[in-house]
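Presented below is the structure to which this report refers.
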Amino acid sequence: MYLCTHNIYKVNKTELTLLNKIKTPEDLRKLNVDELPQLCDELRKDIVEEVAVNPGHLASSLGVAEITVALHYVYDTPEDRIVWDVGHQAYGHKILTGRRERFCTNRKLGGIKPFPSPTESEYDTFACGHASNSISAALGMAIAAKLEGKADRHVVAVIGDGALSGGLAFEGLNNVSSSPNDLLIILNDNNMSIDRSVGGMKQYLLGLNTNKTYNAIKFKTARWLNRNGMMDDERKKGIQRFSNAIKSAIAHQQNIFDGMNIRYFGPFDGHNVKELVRILRQLKTMKGPKLLHLHTQKGHGYAPAEKDVTTWHAPGKFDPETGERIVDKDPNKPQKYQDVFGHTLLELAQQNPKIVGVTPAMPSGCSMNIMMNAMPERTFDVGIAEGHAVTFSGGMAKDGLIPFCNIYSAFSQRAFDNIIHDVALLNLHVVFCFDRAGIVGEDGATHHGAFDLAALRTIPNLTISSPMDEHELRRLMYTAQLPDKGPFVIRYPRGGGVLLDWRCPLEEIKVGTGRKMRDGNDVAVLAIGPIGNEALRAAEECSCAMYDMRFLKPIDETILKEVAEKFQRIVTVENGVKNGGLGSAVLEWMNDHGYHPEVIRLGMPDTEFVEHGTVAELHKIVGIDRESIKAAILGKKQ
């Protein structure tokens, strides 16, 4: 039955009797509603068994099993649209929509994608690798359905995992409230992103409650009015205003959604699938925008994930029966770059009282939790809000602090305008630490840090750097916090470094200087960042010169002049899109100064997005692995 199997399964797949019947949601809709709780249990078991062997995002998908089943049971997908916010939630959705037999290839090279994508399945309505875009996209689809005469098409946005803290979600809500639409927004409220949710919206949702009797009366009244043709637009607005006033008086609180003319229902238990089916069937016929508030538990149904949801967001391999994680405890394995960052940041903050830490919902992922645990008053998790993180950092820098603003490289794209307008324009002293720069591996196209070097290089006042190893990371961090450095970018990749002894003295690196790693003849290799380690090995094997440029901006013109006068062949290597990055900077400088060597640029393409696979596999595909660098040095075609 399965295209691939694993011999460590603890559950006999043949025992998943209901799930085995389902190839598509059409099969799901043939089940009796009383069978749905069992199906949810089987779906969870299947997800746990698969993710135990082929690591991915676990806890979020376990938490929405009932929501997923209920949505596909009530709505006529794919004709009706379900728009997921953050693909962490969507494993159950993939399994129920024709991809169960291939789910063992999830996140693998050539396998199914790590996040929903319309290029993979007609059931995947939109890209959702980055948070907070579901409401805006779903509203666009709802408007399109009306304009194209598809009045029977229903559109549902499922937003959760802290995504409602993102500014785009509020922009979408604002537009939903003022546009004629029948959109249903499901708020999957699990009090989590990857770490615990933060901020005022979290506190508001925790306290938001509606009396069950009130909800029941509201449902019945609305259905009666609809059936009897008494719910025209004017009457509906008047009833809503009256209803909101009564609700506020009873609950002693204002409801932000009702205040925006988005009819609010909830909160309800998001793990009662039969109740969810009943509620969704009622809401399906209601006109106008609606929000259904559901309380769920991230990791629900699997005890280890329920107890430690942050760890089990993406736990790696584990024994599905015992919950024991299979962790590589090799003492001879280098530290991760993010851990070196976290320890060094605390070390610097202990020396410099002006240093503060800022992260948009990634304290564990970027290891800022190390400083957060030691200095909670000087670290700020601002939620899924990268643009705000940058401007907030700019505000602190304007009045004398030195923020280290840590953002995943791919997510920094969401703050491009803020970096320009709110930091660079005023030359403010903000240190941007871009984690997960370059190829990230199995998370794929939405998460590769491909564009930061090329995008930021044109911006005045920015210093842009990338360390070749952990010692260089520490020294760049030390340099970045020294006086009068202005906005300073340090980018480094996901995962382990190259040094066992990563601690070193904190010393200043002169901004705009690279270093010659080895001399040679005929060919010079110029690299930036940790990919320089592969470039150095390739240069050693080919007996050519190699330079670690360290800074993209300002670039080391002394090195460029030396290289231009000595070599007629130059190979540039960067772990980012090659057009606009280091290779382009070298070409531009050579042309501007009258030098015309042959320059071979190695990096990621800008003609197509790089999909998912292991880092080693993808480095080879895009041509920045050691053998590809050697081939470029030797003038061989790949």
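Order determines the names: the first chain of the structure tokens is A, the second B, and so forth; residues in each chain are numbered 1 upward, and ligands are numbered 1 upward as they are shown.
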Next on the checklist: Could you list, as an NGL selection string, every residue within 6 Å of Ile490 (chain A), counting only C-alpha atoms and ignoring same-chain residues fewer than 2 positions away?
Outcome noted: :A and (433 or 465-466)
With C-alpha atoms retained, export the selected residues as a PDB file, in the first residue's frame.
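Output contents, as saved in part06.pdb:
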ATOM      1  CA  CYS A 433      22.260  39.115  13.355  1.00  0.00           C
ATOM      2  CA  SER A 465      29.659  40.961   7.144  1.00  0.00           C
ATOM      3  CA  SER A 466      29.735  37.190   7.402  1.00  0.00           C
TER       4      SER A 466
END
Next on the checklist: Using DSSP secondary structure from the backbone, list all helix (DSSP H, G or I) positions within region 400-631 of chain A, as a ChimeraX atom specification.
Outcome noted: /A:409-424,452-456,470-480,532-542,557-566,582-592,615-622,626-631
Per residue of region 445-557 of chain A within 10 Å of region 405-409 of chain A, what are the shortest atom pair and its distance in Å to one decimal, counting only C-alpha atoms, with rows by chain and residue number, as CSV?
residue,atom,partner,partner_atom,distance
A:His447,CA,A:Ser409,CA,8.1
A:His448,CA,A:Ser409,CA,7.7
A:Gly449,CA,A:Ser409,CA,4.8
A:Ala450,CA,A:Ser409,CA,7.8
A:Phe451,CA,A:Ser409,CA,8.1
A:Asp452,CA,A:Ser409,CA,6.6
A:Leu453,CA,A:Ser409,CA,9.7
A:Val489,CA,A:Cys405,CA,9.6
A:Ile490,CA,A:Asn406,CA,9.5
A:Arg491,CA,A:Ser409,CA,7.6
A:Tyr492,CA,A:Ser409,CA,8.8
A:Pro493,CA,A:Ser409,CA,8.9
A:Arg494,CA,A:Tyr408,CA,9.3
Checklist outcome for this item: Of A:Ala157, A:Ala385, A:Cys544, A:Ile555, the one nearest to Gly140 (chain A) when counting only C-alpha atoms is A:Ala157
Item to check | Neighbour list for Phe404 (chain A) as a list of chain:residue names, cut-off 8 Å, only C-alpha atoms, skip fewer than 5 positions in-chain | outcome: A:Ile355, A:Val356, A:Gly357, A:Val358, A:Ser393, A:Val430, A:Val431, A:Phe432, A:Cys433
Please produce a file of the residues just selected, as a PDB file, in the first residue's frame, where the atoms kept are all heavy atoms.
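That gives us again25.pdb:
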ATOM      1  N   ILE A 355      23.836  47.075  25.778  1.00  0.00           N
ATOM      2  CA  ILE A 355      23.382  46.027  24.862  1.00  0.00           C
ATOM      3  C   ILE A 355      22.035  45.454  25.322  1.00  0.00           C
ATOM      4  O   ILE A 355      21.851  45.128  26.490  1.00  0.00           O
ATOM      5  CB  ILE A 355      24.434  44.908  24.761  1.00  0.00           C
ATOM      6  CG1 ILE A 355      25.658  45.405  23.990  1.00  0.00           C
ATOM      7  CG2 ILE A 355      23.853  43.665  24.083  1.00  0.00           C
ATOM      8  CD1 ILE A 355      26.784  44.399  23.902  1.00  0.00           C
ATOM      9  N   VAL A 356      21.109  45.332  24.364  1.00  0.00           N
ATOM     10  CA  VAL A 356      19.825  44.662  24.588  1.00  0.00           C
ATOM     11  C   VAL A 356      19.612  43.663  23.457  1.00  0.00           C
ATOM     12  O   VAL A 356      20.217  43.773  22.388  1.00  0.00           O
ATOM     13  CB  VAL A 356      18.648  45.659  24.653  1.00  0.00           C
ATOM     14  CG1 VAL A 356      18.745  46.539  25.878  1.00  0.00           C
ATOM     15  CG2 VAL A 356      18.587  46.511  23.383  1.00  0.00           C
ATOM     16  N   GLY A 357      18.757  42.682  23.693  1.00  0.00           N
ATOM     17  CA  GLY A 357      18.458  41.677  22.680  1.00  0.00           C
ATOM     18  C   GLY A 357      17.021  41.762  22.227  1.00  0.00           C
ATOM     19  O   GLY A 357      16.116  41.969  23.036  1.00  0.00           O
ATOM     20  N   VAL A 358      16.806  41.598  20.918  1.00  0.00           N
ATOM     21  CA  VAL A 358      15.456  41.647  20.339  1.00  0.00           C
ATOM     22  C   VAL A 358      15.300  40.467  19.385  1.00  0.00           C
ATOM     23  O   VAL A 358      16.180  40.205  18.554  1.00  0.00           O
ATOM     24  CB  VAL A 358      15.223  42.956  19.559  1.00  0.00           C
ATOM     25  CG1 VAL A 358      13.823  42.967  18.936  1.00  0.00           C
ATOM     26  CG2 VAL A 358      15.417  44.165  20.456  1.00  0.00           C
ATOM     27  N   SER A 393      13.928  48.268  17.546  1.00  0.00           N
ATOM     28  CA  SER A 393      15.374  48.342  17.780  1.00  0.00           C
ATOM     29  C   SER A 393      15.905  49.721  17.419  1.00  0.00           C
ATOM     30  O   SER A 393      16.747  50.288  18.127  1.00  0.00           O
ATOM     31  CB  SER A 393      16.098  47.273  16.958  1.00  0.00           C
ATOM     32  OG  SER A 393      15.713  45.977  17.348  1.00  0.00           O
ATOM     33  N   VAL A 430      22.266  49.687  15.293  1.00  0.00           N
ATOM     34  CA  VAL A 430      21.554  48.426  15.492  1.00  0.00           C
ATOM     35  C   VAL A 430      22.404  47.320  14.883  1.00  0.00           C
ATOM     36  O   VAL A 430      22.888  47.443  13.752  1.00  0.00           O
ATOM     37  CB  VAL A 430      20.163  48.438  14.825  1.00  0.00           C
ATOM     38  CG1 VAL A 430      19.486  47.075  14.961  1.00  0.00           C
ATOM     39  CG2 VAL A 430      19.289  49.528  15.425  1.00  0.00           C
ATOM     40  N   VAL A 431      22.604  46.248  15.626  1.00  0.00           N
ATOM     41  CA  VAL A 431      23.350  45.096  15.125  1.00  0.00           C
ATOM     42  C   VAL A 431      22.351  44.035  14.672  1.00  0.00           C
ATOM     43  O   VAL A 431      21.608  43.486  15.486  1.00  0.00           O
ATOM     44  CB  VAL A 431      24.296  44.521  16.199  1.00  0.00           C
ATOM     45  CG1 VAL A 431      25.108  43.364  15.615  1.00  0.00           C
ATOM     46  CG2 VAL A 431      25.213  45.602  16.751  1.00  0.00           C
ATOM     47  N   PHE A 432      22.303  43.781  13.379  1.00  0.00           N
ATOM     48  CA  PHE A 432      21.404  42.776  12.822  1.00  0.00           C
ATOM     49  C   PHE A 432      22.149  41.450  12.724  1.00  0.00           C
ATOM     50  O   PHE A 432      23.161  41.352  12.016  1.00  0.00           O
ATOM     51  CB  PHE A 432      20.911  43.188  11.435  1.00  0.00           C
ATOM     52  CG  PHE A 432      20.058  44.416  11.429  1.00  0.00           C
ATOM     53  CD1 PHE A 432      20.550  45.616  10.927  1.00  0.00           C
ATOM     54  CD2 PHE A 432      18.772  44.384  11.920  1.00  0.00           C
ATOM     55  CE1 PHE A 432      19.770  46.751  10.915  1.00  0.00           C
ATOM     56  CE2 PHE A 432      17.974  45.521  11.911  1.00  0.00           C
ATOM     57  CZ  PHE A 432      18.473  46.713  11.408  1.00  0.00           C
ATOM     58  N   CYS A 433      21.674  40.447  13.416  1.00  0.00           N
ATOM     59  CA  CYS A 433      22.260  39.115  13.355  1.00  0.00           C
ATOM     60  C   CYS A 433      21.291  38.216  12.599  1.00  0.00           C
ATOM     61  O   CYS A 433      20.231  37.867  13.127  1.00  0.00           O
ATOM     62  CB  CYS A 433      22.546  38.590  14.754  1.00  0.00           C
ATOM     63  SG  CYS A 433      23.796  39.560  15.630  1.00  0.00           S
TER      64      CYS A 433
END
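Counting from CA of Asp548 (chain A), the distance to CA of His343 (chain A) is 24.5 Å.
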Next on the checklist: If we count only C-alpha atoms and set the cut-off at 8 Å, which residues sit around Ile47 (chain A), ignoring sequence neighbours fewer than 3 positions away in its own chain? Please answer as a ChimeraX atom specification.
Outcome noted: /A:43-44,50-51,58,62,91-92
Dump as a short mmCIF file (atom, residue, chain, number, x, y, z; two decimals), in the first residue's frame, selection limited to N, CA and C atoms:
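Everything below was put into out_29.cif:
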data_model
loop_
_atom_site.label_atom_id
_atom_site.label_comp_id
_atom_site.auth_asym_id
_atom_site.auth_seq_id
_atom_site.Cartn_x
_atom_site.Cartn_y
_atom_site.Cartn_z
N LEU A 43 -5.17 9.69 12.62
CA LEU A 43 -4.38 10.69 11.91
C LEU A 43 -3.18 11.12 12.76
N ARG A 44 -3.41 11.32 14.05
CA ARG A 44 -2.31 11.68 14.95
C ARG A 44 -1.25 10.57 15.00
N GLU A 50 5.35 8.85 11.29
CA GLU A 50 6.13 9.33 10.15
C GLU A 50 7.20 10.34 10.58
N VAL A 51 6.83 11.28 11.44
CA VAL A 51 7.77 12.33 11.83
C VAL A 51 8.86 11.77 12.74
N LEU A 58 6.15 18.76 14.27
CA LEU A 58 5.21 17.79 14.83
C LEU A 58 4.06 18.41 15.60
N LEU A 62 -0.29 18.11 15.24
CA LEU A 62 -1.08 17.32 16.19
C LEU A 62 -2.20 18.16 16.80
N TYR A 91 0.37 19.04 8.24
CA TYR A 91 0.70 17.65 7.92
C TYR A 91 -0.56 16.80 7.78
N GLY A 92 -1.52 16.97 8.68
CA GLY A 92 -2.77 16.23 8.56
C GLY A 92 -3.49 16.56 7.27
#
Mind dumping a table of every region 255-365 of chain A residue within 12 Å of region 477-485 of chain A, with the nearest atom pair and its distance in Å to one decimal, using only C-alpha atoms, sorted by chain and rising number, as a Markdown table?
| residue | atom | partner | partner_atom | distance |
| --- | --- | --- | --- | --- |
| A:Val340 | CA | A:Met477 | CA | 10.6 |
| A:Phe341 | CA | A:Met477 | CA | 8.2 |
| A:Gly342 | CA | A:Met477 | CA | 10.8 |
| A:His343 | CA | A:Met477 | CA | 11.3 |
| A:Thr344 | CA | A:Met477 | CA | 7.8 |
| A:Leu345 | CA | A:Met477 | CA | 7.7 |
| A:Leu346 | CA | A:Met477 | CA | 11.2 |
| A:Glu347 | CA | A:Tyr478 | CA | 9.7 |
| A:Leu348 | CA | A:Tyr478 | CA | 7.1 |
| A:Ala349 | CA | A:Gln481 | CA | 9.8 |
| A:Gln351 | CA | A:Tyr478 | CA | 10.5 |
| A:Asn352 | CA | A:Gln481 | CA | 8.6 |
| A:Pro353 | CA | A:Gln481 | CA | 11.1 |
| A:Lys354 | CA | A:Gln481 | CA | 9.2 |
| A:Ile355 | CA | A:Gln481 | CA | 7.8 |
| A:Val356 | CA | A:Gln481 | CA | 10.7 |
Writing out the chosen residues with N, CA, C and O atoms as a JSON list (two decimals), in the first residue's frame:
[["chain", "number", "residue", "atom", "x", "y", "z"],
["A", 340, "VAL", "N", 26.71, 29.68, 19.61],
["A", 340, "VAL", "CA", 27.87, 30.57, 19.78],
["A", 340, "VAL", "C", 27.40, 32.01, 19.86],
["A", 340, "VAL", "O", 27.86, 32.80, 20.70],
["A", 341, "PHE", "N", 26.45, 32.36, 19.01],
["A", 341, "PHE", "CA", 25.87, 33.70, 19.07],
["A", 341, "PHE", "C", 25.26, 33.96, 20.45],
["A", 341, "PHE", "O", 25.49, 35.01, 21.07],
["A", 342, "GLY", "N", 24.43, 33.01, 20.94],
["A", 342, "GLY", "CA", 23.73, 33.22, 22.21],
["A", 342, "GLY", "C", 24.68, 33.40, 23.38],
["A", 342, "GLY", "O", 24.49, 34.30, 24.20],
["A", 343, "HIS", "N", 25.70, 32.56, 23.47],
["A", 343, "HIS", "CA", 26.67, 32.67, 24.57],
["A", 343, "HIS", "C", 27.49, 33.95, 24.45],
["A", 343, "HIS", "O", 27.76, 34.62, 25.46],
["A", 344, "THR", "N", 27.87, 34.31, 23.24],
["A", 344, "THR", "CA", 28.67, 35.51, 23.04],
["A", 344, "THR", "C", 27.87, 36.77, 23.34],
["A", 344, "THR", "O", 28.38, 37.73, 23.92],
["A", 345, "LEU", "N", 26.59, 36.76, 22.97],
["A", 345, "LEU", "CA", 25.74, 37.91, 23.26],
["A", 345, "LEU", "C", 25.65, 38.15, 24.75],
["A", 345, "LEU", "O", 25.76, 39.31, 25.22],
["A", 346, "LEU", "N", 25.46, 37.09, 25.53],
["A", 346, "LEU", "CA", 25.41, 37.26, 26.99],
["A", 346, "LEU", "C", 26.75, 37.77, 27.51],
["A", 346, "LEU", "O", 26.78, 38.67, 28.37],
["A", 347, "GLU", "N", 27.82, 37.26, 27.00],
["A", 347, "GLU", "CA", 29.16, 37.70, 27.42],
["A", 347, "GLU", "C", 29.34, 39.20, 27.14],
["A", 347, "GLU", "O", 29.83, 39.95, 28.00],
["A", 348, "LEU", "N", 28.94, 39.63, 25.96],
["A", 348, "LEU", "CA", 29.06, 41.05, 25.62],
["A", 348, "LEU", "C", 28.13, 41.91, 26.47],
["A", 348, "LEU", "O", 28.51, 43.00, 26.91],
["A", 349, "ALA", "N", 26.91, 41.42, 26.71],
["A", 349, "ALA", "CA", 25.94, 42.19, 27.49],
["A", 349, "ALA", "C", 26.39, 42.35, 28.93],
["A", 349, "ALA", "O", 26.09, 43.37, 29.58],
["A", 351, "GLN", "N", 29.38, 42.80, 29.78],
["A", 351, "GLN", "CA", 30.44, 43.81, 29.74],
["A", 351, "GLN", "C", 29.91, 45.19, 29.37],
["A", 351, "GLN", "O", 30.47, 46.20, 29.79],
["A", 352, "ASN", "N", 28.84, 45.23, 28.57],
["A", 352, "ASN", "CA", 28.33, 46.50, 28.03],
["A", 352, "ASN", "C", 26.85, 46.66, 28.41],
["A", 352, "ASN", "O", 25.98, 46.00, 27.84],
["A", 353, "PRO", "N", 26.54, 47.53, 29.36],
["A", 353, "PRO", "CA", 25.16, 47.66, 29.84],
["A", 353, "PRO", "C", 24.20, 48.25, 28.81],
["A", 353, "PRO", "O", 22.99, 48.21, 29.02],
["A", 354, "LYS", "N", 24.73, 48.77, 27.71],
["A", 354, "LYS", "CA", 23.85, 49.34, 26.68],
["A", 354, "LYS", "C", 23.27, 48.27, 25.75],
["A", 354, "LYS", "O", 22.32, 48.54, 25.02],
["A", 355, "ILE", "N", 23.84, 47.07, 25.78],
["A", 355, "ILE", "CA", 23.38, 46.03, 24.86],
["A", 355, "ILE", "C", 22.04, 45.45, 25.32],
["A", 355, "ILE", "O", 21.85, 45.13, 26.49],
["A", 356, "VAL", "N", 21.11, 45.33, 24.36],
["A", 356, "VAL", "CA", 19.82, 44.66, 24.59],
["A", 356, "VAL", "C", 19.61, 43.66, 23.46],
["A", 356, "VAL", "O", 20.22, 43.77, 22.39]]
Checklist outcome for this item: Judged by only C-alpha atoms, the minimum distance to Val156 (chain A) among A:Leu109, A:Leu184, A:Ala142, A:Val176 is found for A:Leu184
Next on the checklist: List as a PyMOL selection string the protein and nucleic acid residues near Gly299 (chain A), meaning an atom at most 10 Å away when only C-alpha atoms are counted, but skip any in the same chain fewer than 2 places from it.
Outcome noted: chain A and resi 44+58-65+190+296-297+301-310+312-313
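Across A:Glu49, A:Asp189, A:Asp152, A:Asp269, the tightest approach to Thr285 (chain A) is made by A:Asp152 when counting only C-alpha atoms.
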Nearby residues (only C-alpha atoms) at most 7 Å from Asp469 (chain A), same-chain spacing under 6 positions excluded, as a JSON list (two decimals) with all heavy atoms, in the first residue's frame:
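The file below, part_31.json, is the result:
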[["chain", "number", "residue", "atom", "x", "y", "z"],
["A", 497, "GLY", "N", 29.11, 24.67, 13.42],
["A", 497, "GLY", "CA", 30.25, 25.37, 12.88],
["A", 497, "GLY", "C", 31.36, 24.41, 12.50],
["A", 497, "GLY", "O", 31.12, 23.26, 12.13],
["A", 498, "VAL", "N", 32.61, 24.87, 12.64],
["A", 498, "VAL", "CA", 33.74, 24.06, 12.20],
["A", 498, "VAL", "C", 34.80, 23.90, 13.29],
["A", 498, "VAL", "O", 35.76, 23.15, 13.11],
["A", 498, "VAL", "CB", 34.40, 24.69, 10.94],
["A", 498, "VAL", "CG1", 33.43, 24.65, 9.77],
["A", 498, "VAL", "CG2", 34.85, 26.12, 11.21],
["A", 530, "PRO", "N", 30.87, 31.19, 6.08],
["A", 530, "PRO", "CA", 31.32, 29.82, 6.36],
["A", 530, "PRO", "C", 31.52, 28.95, 5.13],
["A", 530, "PRO", "O", 32.25, 27.97, 5.19],
["A", 530, "PRO", "CB", 30.22, 29.27, 7.26],
["A", 530, "PRO", "CG", 29.66, 30.48, 7.94],
["A", 530, "PRO", "CD", 29.69, 31.55, 6.90]]
Next on the checklist: I'd like the contact shell of Phe103 (chain A) - 12 Å cut-off, only C-alpha atoms, skipping same-chain residues fewer than 3 positions apart - returned as a PyMOL selection string.
Outcome noted: chain A and resi 2-5+46-51+53-56+90-100+106-108+110-115
Output file for the selection above: C-alpha atoms, as an mmCIF file, in the first residue's frame:
data_model
loop_
_atom_site.group_PDB
_atom_site.id
_atom_site.type_symbol
_atom_site.label_atom_id
_atom_site.label_comp_id
_atom_site.auth_asym_id
_atom_site.auth_seq_id
_atom_site.Cartn_x
_atom_site.Cartn_y
_atom_site.Cartn_z
ATOM 1 C CA TYR A 2 2.844 2.416 0.807
ATOM 2 C CA LEU A 3 5.555 3.596 -1.543
ATOM 3 C CA CYS A 4 8.060 3.531 1.305
ATOM 4 C CA THR A 5 8.052 1.898 4.714
ATOM 5 C CA ASP A 46 0.167 8.350 11.509
ATOM 6 C CA ILE A 47 1.787 11.776 11.861
ATOM 7 C CA VAL A 48 3.740 10.727 14.962
ATOM 8 C CA GLU A 49 4.994 7.530 13.301
ATOM 9 C CA GLU A 50 6.129 9.331 10.151
ATOM 10 C CA VAL A 51 7.765 12.329 11.829
ATOM 11 C CA VAL A 53 11.505 8.613 11.328
ATOM 12 C CA ASN A 54 11.560 11.560 8.943
ATOM 13 C CA PRO A 55 11.942 14.673 11.139
ATOM 14 C CA GLY A 56 9.737 17.686 10.656
ATOM 15 C CA ALA A 90 -0.648 21.232 7.665
ATOM 16 C CA TYR A 91 0.697 17.653 7.916
ATOM 17 C CA GLY A 92 -2.766 16.230 8.565
ATOM 18 C CA HIS A 93 -4.058 18.278 5.645
ATOM 19 C CA LYS A 94 -1.406 16.765 3.367
ATOM 20 C CA ILE A 95 -2.196 13.218 4.497
ATOM 21 C CA LEU A 96 -5.939 13.646 3.890
ATOM 22 C CA THR A 97 -5.472 15.225 0.456
ATOM 23 C CA GLY A 98 -3.850 12.441 -1.518
ATOM 24 C CA ARG A 99 -0.292 12.575 -0.212
ATOM 25 C CA ARG A 100 -0.323 9.940 2.504
ATOM 26 C CA ASN A 106 8.242 14.979 3.232
ATOM 27 C CA ARG A 107 11.143 17.489 3.269
ATOM 28 C CA LYS A 108 13.416 15.100 1.343
ATOM 29 C CA GLY A 110 12.507 15.348 -4.694
ATOM 30 C CA GLY A 111 9.798 14.554 -2.121
ATOM 31 C CA ILE A 112 6.739 16.492 -1.080
ATOM 32 C CA LYS A 113 7.302 20.048 0.045
ATOM 33 C CA PRO A 114 7.770 21.002 3.703
ATOM 34 C CA PHE A 115 4.925 23.531 3.550
#
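Nearest to Trp502 (chain A) of all the residues A:Asp339, A:Glu79, A:Glu120, A:Glu442 is A:Asp339, based on only C-alpha atoms.
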